[in-house]
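**Q** Let me begin by handing over the structure; questions about it come next.
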Amino acid sequence: MSNIKYILGSFGDPDEMLHGIEKLQENNISIYDVYTPMPIHGIEAKLGVKRSRLDVAAFFFGITGTITMLTGVYLATVVDWPVNIGGKTHFALPDFIPITFELTILFCAFGLVGSYYASTHLFPGRAPRVMDLRATDDRFIIAIDAKQNTEHEKIDELLKGAGALEVKHNERKYLSYE
Amino acid sequence: MGTHHYNLSEQFEFTGRTKILSIVGIVIGIATIVYGLFLNTDHVTHERTYANLLLMGYYFACVCMSAAFFLAVQFVAQAGWSASILRVPQAMAKNLTLASIILIGIIVAGLFTHNLYHHWADPALLVEGGEKYDKLIAGKAVFLNIPFFLTRQFVFLGSYAIFAHFITKWSYNEDLSGGLASYRKSFKYSCIFLVIYGFTTPVFAFDTIMSIEAHWFSTMFGWYNFAAMWVSCLAIIAIVIILLRKAGYMSWVNNSHLHNLGQFIFGFSIFWTYVWFAQFLLIYYANMSEETVYFHKRFNSYEFWFYLNLVLNFLAPLLLLMDRDSKRSENILLVVSIVVVCGHWVDYYQMIMPGVFEFGTKSGSGFGVLEIGIAIGFVGLFTYTVLNALSKKPLLAKNHPFLQESLHHHL
């Protein structure tokens, strides 16, 4: 058993890479992930990537902001320090809609930035890890888990046949910029 | 990318049940107008008929001019996604001439029979020391006088109609001759049109609707109306496209196109709420009697309609269209669009009726046969004229430079 962990097919053209994905899928070879320097339309559907749950997270971050602001306003204007402003009720909802809206957006935005960092493991001081350095530049990479798919030569052939400029057999999962 | 084979010269056939139903609608409308104006000697009923005619005439004209606005926005943004659906707003923009003539007809008739705009159009209000002298109206007479008012109506609607006519015509020319000449011309004149439209629609709304209650004013009113007419136009474009698709036409429209329309309807429903609320909040907060009178009428005698307006135009699109899958679903988008179109009828009803009379306080005022009949009449007229215009030309602008982008549109 070799020590190869991942096989990377490096393509110079997105259409050739999509062709490579089709070829691998026809041969029942599971694809670990695909790395591209730019977004490619329809690739999620092709790879069967599940829909992001970021919108659900956004909703809950937002609603937390709404509740926080309304609670804060209620505590300040009714419980703690009631002041008669223009003869209105203490908790005059229309007055506080703009600020509630702002806090909803603020919580939503901060929450999403946090979720993004958490899900991509990007934290301050942490060097990003990638599987192939050129995936952020001019190459389209298909990564295949070499332990799960043992027919390495067949994979090489399929990738080359689809137009891969380079096929790498990596013994480490990630390269680091460090 | 799969290769698609669409019939580039597919044409809509306007026959059968739709045609008959739209004609029935027009007949119902005419019958209601005859009932309201001629079979009735009651002055209140006349006023109410005119108010309803103004409502639907304004709605019809606004939808058609917003369709021209839609076309202009697509050209100026050099949008590709919409290239294959442009024939629908074009058919609507083509009707702007007719809609303008009808609206001006209603305004002139209402003005001279003293059924509309009598809060400012009476010369006796301006006579200083006279019995009916009204200082506020006299102060506004430089702007709000009949000749200048009618001139503005003619100039605004006329200029929109001219631009709508040419932007539509060049697209048909493009079908025949191809090339980029038509597109470049459309781009240039769309830019000019957007500037004119942007500056004049608020004034158009002040004139046509806000001057019914001439003592009251709000600078937000113009944008509030712009939001209402724009989102209702987008909803109607979505309805027409979805119904055409259901009837087997426009097979190239995929759910990414619907997604874009859904985003438009969702976004501009929120925008409508934003301007509606901006107008409301300032008046509520400042609490000055000359401003709050507007909402006083609406709260006290039209409370149900006041809240219904927010439910239909804000809560319904917000909750039903927030999800990505809902925007991409033909049926959900159709339902929400119909809700929004009805919602903006309620919105216009809110703007016009309380200024004409208080709800339920005079005989026959409120919601009844006149409202429903006249609305049906205009829906029939809209359906007939738009589908008739649509059937005259192919459903695809086959030489549009961005057509391929639109046919392969994918989100």
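By convention in this document, the chains of the structure tokens carry letters A, B, ... by their order, each chain's residues are numbered from 1, and ligands are numbered from 1 in the order they are shown.
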Could you work out which residues of chain A fall inside 9 Å of chain B? Count only C-alpha atoms, and format the result as a list in words.
**A**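 Written out as asked, the residues are His41, Gly42, Asp55, Gly86, Pro94 and Asp95 of chain A.
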**Q** Need to verify the contact set: Tyr32 of chain A, 8 Å, only C-alpha atoms, exclusion of same-chain residues closer than 6 positions in sequence. Can you return it as number ranges by chain?
**A** A: 142-145
**Q** Identify which of the residues A:Ala135, A:Ile4, A:Leu18, A:Ala118 lies closest to Leu159 of chain A, counting only C-alpha atoms when measuring atom-to-atom distances.
**A** A:Leu18
**Q** Tell me, as an MDAnalysis selection string, which residues lie within 10 Å of Val369 of chain B, counting only C-alpha atoms; anything in the same chain fewer than 6 positions away does not count.
**A** chainID B and resid 32 35:36 375
**Q** Compile the contact shell of Leu8 of chain A as a PDB file with N, CA and C atoms, in the first residue's frame: residues with an atom at most 12 Å away, counting only C-alpha atoms, same-chain residues fewer than 4 positions apart removed.
**A**
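Below is the file around18.pdb, written as the result:
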```pdb
ATOM      1  N   ILE A   4       0.244   7.375  -0.836  1.00  0.00           N
ATOM      2  CA  ILE A   4      -0.413   8.468  -1.526  1.00  0.00           C
ATOM      3  C   ILE A   4      -1.775   8.744  -0.889  1.00  0.00           C
ATOM      4  N   MET A  17     -11.821  20.666 -17.312  1.00  0.00           N
ATOM      5  CA  MET A  17     -11.999  20.148 -15.968  1.00  0.00           C
ATOM      6  C   MET A  17     -13.397  19.563 -15.778  1.00  0.00           C
ATOM      7  N   GLY A  20     -13.436  16.341 -17.265  1.00  0.00           N
ATOM      8  CA  GLY A  20     -12.763  15.394 -16.378  1.00  0.00           C
ATOM      9  C   GLY A  20     -13.699  14.903 -15.278  1.00  0.00           C
ATOM     10  N   ILE A  31     -15.243  12.003  -6.172  1.00  0.00           N
ATOM     11  CA  ILE A  31     -14.371  13.170  -6.194  1.00  0.00           C
ATOM     12  C   ILE A  31     -14.363  13.772  -4.804  1.00  0.00           C
ATOM     13  N   TYR A  32     -13.167  14.031  -4.276  1.00  0.00           N
ATOM     14  CA  TYR A  32     -13.109  14.611  -2.933  1.00  0.00           C
ATOM     15  C   TYR A  32     -13.565  16.066  -2.969  1.00  0.00           C
ATOM     16  N   ASP A  33     -12.949  16.853  -3.835  1.00  0.00           N
ATOM     17  CA  ASP A  33     -13.351  18.255  -3.960  1.00  0.00           C
ATOM     18  C   ASP A  33     -12.732  18.824  -5.218  1.00  0.00           C
ATOM     19  N   VAL A  34     -13.211  20.018  -5.586  1.00  0.00           N
ATOM     20  CA  VAL A  34     -12.696  20.693  -6.766  1.00  0.00           C
ATOM     21  C   VAL A  34     -12.291  22.096  -6.347  1.00  0.00           C
ATOM     22  N   TYR A  35     -11.129  22.552  -6.787  1.00  0.00           N
ATOM     23  CA  TYR A  35     -10.656  23.895  -6.430  1.00  0.00           C
ATOM     24  C   TYR A  35     -10.442  24.704  -7.700  1.00  0.00           C
ATOM     25  N   VAL A 130      -3.813  24.939   1.520  1.00  0.00           N
ATOM     26  CA  VAL A 130      -4.450  24.599   0.248  1.00  0.00           C
ATOM     27  C   VAL A 130      -3.881  23.277  -0.228  1.00  0.00           C
ATOM     28  N   MET A 131      -4.603  22.637  -1.148  1.00  0.00           N
ATOM     29  CA  MET A 131      -4.112  21.373  -1.671  1.00  0.00           C
ATOM     30  C   MET A 131      -3.164  21.592  -2.839  1.00  0.00           C
ATOM     31  N   ASP A 132      -3.374  22.676  -3.556  1.00  0.00           N
ATOM     32  CA  ASP A 132      -2.462  22.994  -4.659  1.00  0.00           C
ATOM     33  C   ASP A 132      -2.338  24.513  -4.740  1.00  0.00           C
ATOM     34  N   LEU A 133      -1.127  24.993  -4.776  1.00  0.00           N
ATOM     35  CA  LEU A 133      -0.928  26.449  -4.738  1.00  0.00           C
ATOM     36  C   LEU A 133      -1.514  27.143  -5.955  1.00  0.00           C
ATOM     37  N   ARG A 134      -1.460  26.481  -7.093  1.00  0.00           N
ATOM     38  CA  ARG A 134      -1.913  27.165  -8.309  1.00  0.00           C
ATOM     39  C   ARG A 134      -3.430  27.188  -8.448  1.00  0.00           C
ATOM     40  N   ALA A 135      -4.150  26.520  -7.546  1.00  0.00           N
ATOM     41  CA  ALA A 135      -5.615  26.585  -7.589  1.00  0.00           C
ATOM     42  C   ALA A 135      -6.113  27.988  -7.305  1.00  0.00           C
ATOM     43  N   ARG A 139      -4.993  27.476 -12.238  1.00  0.00           N
ATOM     44  CA  ARG A 139      -5.244  26.056 -12.475  1.00  0.00           C
ATOM     45  C   ARG A 139      -6.567  25.623 -11.840  1.00  0.00           C
ATOM     46  N   PHE A 140      -7.189  24.641 -12.496  1.00  0.00           N
ATOM     47  CA  PHE A 140      -8.456  24.085 -12.006  1.00  0.00           C
ATOM     48  C   PHE A 140      -8.160  22.667 -11.521  1.00  0.00           C
ATOM     49  N   ILE A 141      -8.342  22.443 -10.230  1.00  0.00           N
ATOM     50  CA  ILE A 141      -7.863  21.204  -9.615  1.00  0.00           C
ATOM     51  C   ILE A 141      -9.029  20.281  -9.253  1.00  0.00           C
ATOM     52  N   ILE A 142      -8.909  19.021  -9.653  1.00  0.00           N
ATOM     53  CA  ILE A 142      -9.832  18.002  -9.138  1.00  0.00           C
ATOM     54  C   ILE A 142      -9.043  17.160  -8.145  1.00  0.00           C
ATOM     55  N   ALA A 143      -9.560  17.043  -6.921  1.00  0.00           N
ATOM     56  CA  ALA A 143      -8.870  16.236  -5.918  1.00  0.00           C
ATOM     57  C   ALA A 143      -9.636  14.933  -5.705  1.00  0.00           C
ATOM     58  N   ILE A 144      -8.890  13.823  -5.689  1.00  0.00           N
ATOM     59  CA  ILE A 144      -9.507  12.511  -5.491  1.00  0.00           C
ATOM     60  C   ILE A 144      -8.837  11.845  -4.301  1.00  0.00           C
ATOM     61  N   ASP A 145      -9.662  11.301  -3.416  1.00  0.00           N
ATOM     62  CA  ASP A 145      -9.133  10.620  -2.249  1.00  0.00           C
ATOM     63  C   ASP A 145      -8.511   9.290  -2.696  1.00  0.00           C
ATOM     64  N   ALA A 146      -7.193   9.166  -2.505  1.00  0.00           N
ATOM     65  CA  ALA A 146      -6.490   8.006  -3.039  1.00  0.00           C
ATOM     66  C   ALA A 146      -6.719   6.744  -2.201  1.00  0.00           C
ATOM     67  N   HIS A 152      -5.339   3.744  -9.036  1.00  0.00           N
ATOM     68  CA  HIS A 152      -4.634   4.990  -9.288  1.00  0.00           C
ATOM     69  C   HIS A 152      -4.274   5.199 -10.748  1.00  0.00           C
ATOM     70  N   ILE A 155      -7.236   6.315 -12.766  1.00  0.00           N
ATOM     71  CA  ILE A 155      -7.560   7.717 -12.484  1.00  0.00           C
ATOM     72  C   ILE A 155      -6.619   8.631 -13.256  1.00  0.00           C
ATOM     73  N   ASP A 156      -5.321   8.297 -13.219  1.00  0.00           N
ATOM     74  CA  ASP A 156      -4.335   9.089 -13.968  1.00  0.00           C
ATOM     75  C   ASP A 156      -4.723   9.176 -15.435  1.00  0.00           C
ATOM     76  N   LEU A 158      -7.648   8.684 -16.868  1.00  0.00           N
ATOM     77  CA  LEU A 158      -8.877   9.448 -17.093  1.00  0.00           C
ATOM     78  C   LEU A 158      -8.605  10.946 -17.046  1.00  0.00           C
ATOM     79  N   LEU A 159      -7.810  11.353 -16.054  1.00  0.00           N
ATOM     80  CA  LEU A 159      -7.517  12.779 -15.910  1.00  0.00           C
ATOM     81  C   LEU A 159      -6.723  13.281 -17.105  1.00  0.00           C
ATOM     82  N   LYS A 160      -5.706  12.537 -17.483  1.00  0.00           N
ATOM     83  CA  LYS A 160      -4.882  12.941 -18.637  1.00  0.00           C
ATOM     84  C   LYS A 160      -5.713  12.969 -19.897  1.00  0.00           C
ATOM     85  N   ALA A 164      -5.921  16.963 -18.477  1.00  0.00           N
ATOM     86  CA  ALA A 164      -5.152  17.470 -17.334  1.00  0.00           C
ATOM     87  C   ALA A 164      -3.713  17.741 -17.782  1.00  0.00           C
ATOM     88  N   LEU A 165      -3.203  18.910 -17.369  1.00  0.00           N
ATOM     89  CA  LEU A 165      -1.833  19.260 -17.740  1.00  0.00           C
ATOM     90  C   LEU A 165      -0.842  18.542 -16.839  1.00  0.00           C
ATOM     91  N   GLU A 166      -1.292  18.166 -15.648  1.00  0.00           N
ATOM     92  CA  GLU A 166      -0.398  17.626 -14.644  1.00  0.00           C
ATOM     93  C   GLU A 166      -1.236  16.733 -13.730  1.00  0.00           C
ATOM     94  N   VAL A 167      -0.680  15.600 -13.295  1.00  0.00           N
ATOM     95  CA  VAL A 167      -1.364  14.795 -12.276  1.00  0.00           C
ATOM     96  C   VAL A 167      -0.381  14.584 -11.141  1.00  0.00           C
ATOM     97  N   LYS A 168      -0.800  14.946  -9.943  1.00  0.00           N
ATOM     98  CA  LYS A 168       0.107  14.839  -8.796  1.00  0.00           C
ATOM     99  C   LYS A 168      -0.389  13.767  -7.850  1.00  0.00           C
ATOM    100  N   HIS A 169       0.547  13.052  -7.266  1.00  0.00           N
ATOM    101  CA  HIS A 169       0.197  12.090  -6.217  1.00  0.00           C
ATOM    102  C   HIS A 169       0.757  12.643  -4.918  1.00  0.00           C
ATOM    103  N   ASN A 170      -0.094  13.150  -4.059  1.00  0.00           N
ATOM    104  CA  ASN A 170       0.402  13.822  -2.856  1.00  0.00           C
ATOM    105  C   ASN A 170       0.343  12.905  -1.649  1.00  0.00           C
ATOM    106  N   GLU A 171       1.395  12.940  -0.873  1.00  0.00           N
ATOM    107  CA  GLU A 171       1.400  12.154   0.357  1.00  0.00           C
ATOM    108  C   GLU A 171       0.903  12.952   1.546  1.00  0.00           C
ATOM    109  N   ARG A 172       0.882  14.264   1.366  1.00  0.00           N
ATOM    110  CA  ARG A 172       0.274  15.112   2.408  1.00  0.00           C
ATOM    111  C   ARG A 172      -0.993  15.727   1.835  1.00  0.00           C
ATOM    112  N   LYS A 173      -1.946  15.928   2.707  1.00  0.00           N
ATOM    113  CA  LYS A 173      -3.208  16.495   2.210  1.00  0.00           C
ATOM    114  C   LYS A 173      -3.008  17.943   1.790  1.00  0.00           C
ATOM    115  N   TYR A 174      -2.442  18.738   2.701  1.00  0.00           N
ATOM    116  CA  TYR A 174      -2.363  20.175   2.455  1.00  0.00           C
ATOM    117  C   TYR A 174      -0.940  20.630   2.257  1.00  0.00           C
TER     118      TYR A 174
END
```
**Q** Fewer than 5 positions away in the same chain doesn't count, so skip those; otherwise give me all residues within 12 Å of Arg53 of chain A, counting only C-alpha atoms, as a PyMOL selection string.
**A** (chain A and resi 58-60+112+115-116+119) or (chain B and resi 323-324)
**Q** Name all residues at most 10 Å from Pro317 of chain B (count only C-alpha atoms; drop same-chain ones fewer than 4 positions away) and give them as a PyMOL selection string.
**A** chain B and resi 262+265-270+311-313+321-322+333+335-337+339-340
**Q** Produce a file of the selected residues containing N, CA and C atoms, as a tab-separated table (two decimals), in the first residue's frame.
**A**
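Saved file result_14.tsv follows:
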```tsv
chain	number	residue	atom	x	y	z
B	262	GLY	N	-38.31	37.10	-9.33
B	262	GLY	CA	-38.68	36.96	-7.92
B	262	GLY	C	-37.85	37.87	-7.03
B	265	ILE	N	-39.19	41.35	-7.44
B	265	ILE	CA	-40.46	41.56	-6.74
B	265	ILE	C	-40.21	41.62	-5.23
B	266	PHE	N	-39.38	40.71	-4.74
B	266	PHE	CA	-39.05	40.69	-3.31
B	266	PHE	C	-38.38	42.01	-2.92
B	267	GLY	N	-37.33	42.36	-3.65
B	267	GLY	CA	-36.56	43.55	-3.31
B	267	GLY	C	-37.39	44.81	-3.35
B	268	PHE	N	-38.20	44.97	-4.40
B	268	PHE	CA	-38.95	46.21	-4.51
B	268	PHE	C	-40.19	46.23	-3.63
B	269	SER	N	-40.65	45.06	-3.16
B	269	SER	CA	-41.69	45.07	-2.13
B	269	SER	C	-41.11	45.64	-0.85
B	270	ILE	N	-39.87	45.24	-0.54
B	270	ILE	CA	-39.21	45.78	0.65
B	270	ILE	C	-38.98	47.29	0.46
B	311	VAL	N	-50.10	43.97	4.94
B	311	VAL	CA	-50.03	42.51	4.90
B	311	VAL	C	-49.77	42.03	3.47
B	312	LEU	N	-50.53	42.58	2.52
B	312	LEU	CA	-50.41	42.10	1.15
B	312	LEU	C	-49.11	42.54	0.49
B	313	ASN	N	-48.68	43.77	0.77
B	313	ASN	CA	-47.54	44.29	0.03
B	313	ASN	C	-46.21	44.12	0.73
B	321	LEU	N	-41.55	34.92	-0.38
B	321	LEU	CA	-40.50	34.93	-1.40
B	321	LEU	C	-39.09	34.93	-0.83
B	322	MET	N	-38.96	34.87	0.51
B	322	MET	CA	-37.62	34.99	1.07
B	322	MET	C	-36.74	33.81	0.65
B	333	LEU	N	-44.31	31.85	-7.18
B	333	LEU	CA	-44.10	33.19	-7.71
B	333	LEU	C	-45.40	33.74	-8.30
B	335	VAL	N	-48.50	33.00	-7.37
B	335	VAL	CA	-49.42	33.37	-6.28
B	335	VAL	C	-48.98	34.69	-5.65
B	336	VAL	N	-47.66	34.81	-5.37
B	336	VAL	CA	-47.19	36.04	-4.73
B	336	VAL	C	-47.41	37.24	-5.65
B	337	SER	N	-47.16	37.05	-6.95
B	337	SER	CA	-47.35	38.16	-7.88
B	337	SER	C	-48.80	38.61	-7.89
B	339	VAL	N	-50.91	38.28	-5.44
B	339	VAL	CA	-51.14	38.96	-4.16
B	339	VAL	C	-50.63	40.39	-4.23
B	340	VAL	N	-49.42	40.57	-4.82
B	340	VAL	CA	-48.83	41.91	-4.88
B	340	VAL	C	-49.66	42.82	-5.79
```
**Q** Choose the residue, out of B:Val341, B:Leu234, B:Ala181, B:Leu157, that has the smallest atom-to-atom separation from Val88 of chain B; count only C-alpha atoms.
**A**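 Residue with the minimum atom-to-atom distance to Val88 of chain B: B:Leu234.
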**Q** Rank nothing, just name the residue among B:Ile146, B:Ile30, B:Ala109, B:Ile192 nearest to Ala72 of chain B, using only C-alpha atoms.
**A**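 Smallest separation from Ala72 of chain B among the options: B:Ile192.
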**Q** Which value, in Å to one decimal, gives the distance between atom CA of Leu103 of chain A and atom CA of Met69 of chain A?
**A**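 A separation of 6.6 Å between them.
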**Q** Quick one: residues within 12 Å of Leu194 of chain B, only C-alpha atoms counted, chain neighbours fewer than 6 positions away excluded, as a ChimeraX atom specification?
**A** /B:65-66,68-77,159-160,163-164,186-188,200-201
**Q** Take the residues from that selection and write them out as a compact mmCIF listing (two decimals), in the first residue's frame, keeping C-alpha atoms.
**A**
```
# COMPACT_ATOMS: atom_id res chain seq x y z
CA MET B 65 -45.01 53.24 -18.14
CA SER B 66 -43.14 51.10 -15.65
CA ALA B 68 -41.07 51.15 -20.46
CA PHE B 69 -38.95 51.88 -17.41
CA PHE B 70 -38.14 48.18 -17.14
CA LEU B 71 -36.99 48.13 -20.77
CA ALA B 72 -34.87 51.23 -20.25
CA VAL B 73 -33.27 49.79 -17.11
CA GLN B 74 -32.38 46.59 -18.96
CA PHE B 75 -30.78 48.54 -21.80
CA VAL B 76 -28.86 50.93 -19.58
CA ALA B 77 -27.60 48.12 -17.33
CA SER B 159 -42.97 61.95 -23.30
CA TYR B 160 -43.16 58.53 -21.64
CA PHE B 163 -39.96 56.87 -25.54
CA ALA B 164 -41.96 53.68 -24.98
CA SER B 186 -32.08 51.99 -27.52
CA PHE B 187 -29.21 52.35 -25.06
CA LYS B 188 -28.78 56.05 -25.74
CA THR B 200 -41.00 63.57 -13.46
CA THR B 201 -42.74 60.52 -11.93
```
**Q** Let's see if you can do this: from backbone DSSP, list all helix (DSSP H, G or I) residues in segment 243-399 of chain B, as a ChimeraX atom specification.
**A** /B:243-246,255-286,289-301,303-321,324-328,330-356,369-392
**Q** So which one's closest to Ser82 of chain B, B:Ile167, B:Met210, B:Ala397, B:Met220? Using only C-alpha atoms, please.
**A**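 Looking at the shortest contact to Ser82 of chain B, the residue is B:Ala397.
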**Q** One decimal, Å: what's the distance from atom CA of Asn225 of chain B over to atom CA of Ala238 of chain B, could you say?
**A**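 Computing it gives 20.0 Å between the two atoms.
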**Q** Taking into account only C-alpha atoms, which residue in the set B:Lys132, B:Lys94, B:Arg152, B:His165 is nearest to Phe204 of chain B?
**A**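 Looking only at the distances to Phe204 of chain B, the closest residue turns out to be B:Arg152.
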**Q** Would you compute the distance between atom CA of Gly139 of chain B and atom CA of Val127 of chain B? Give it in Å to one decimal.
**A**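 Between atom CA of Gly139 of chain B and atom CA of Val127 of chain B the gap is 11.5 Å.
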**Q** Of the candidates B:Ser211, B:Gln279, B:Ser251, B:Gln263, which shows the shortest atom-to-atom distance to Trp223 of chain B, using only C-alpha atoms?
**A**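 Ranking B:Ser211, B:Gln279, B:Ser251, B:Gln263 by distance to Trp223 of chain B, first place goes to B:Gln279.
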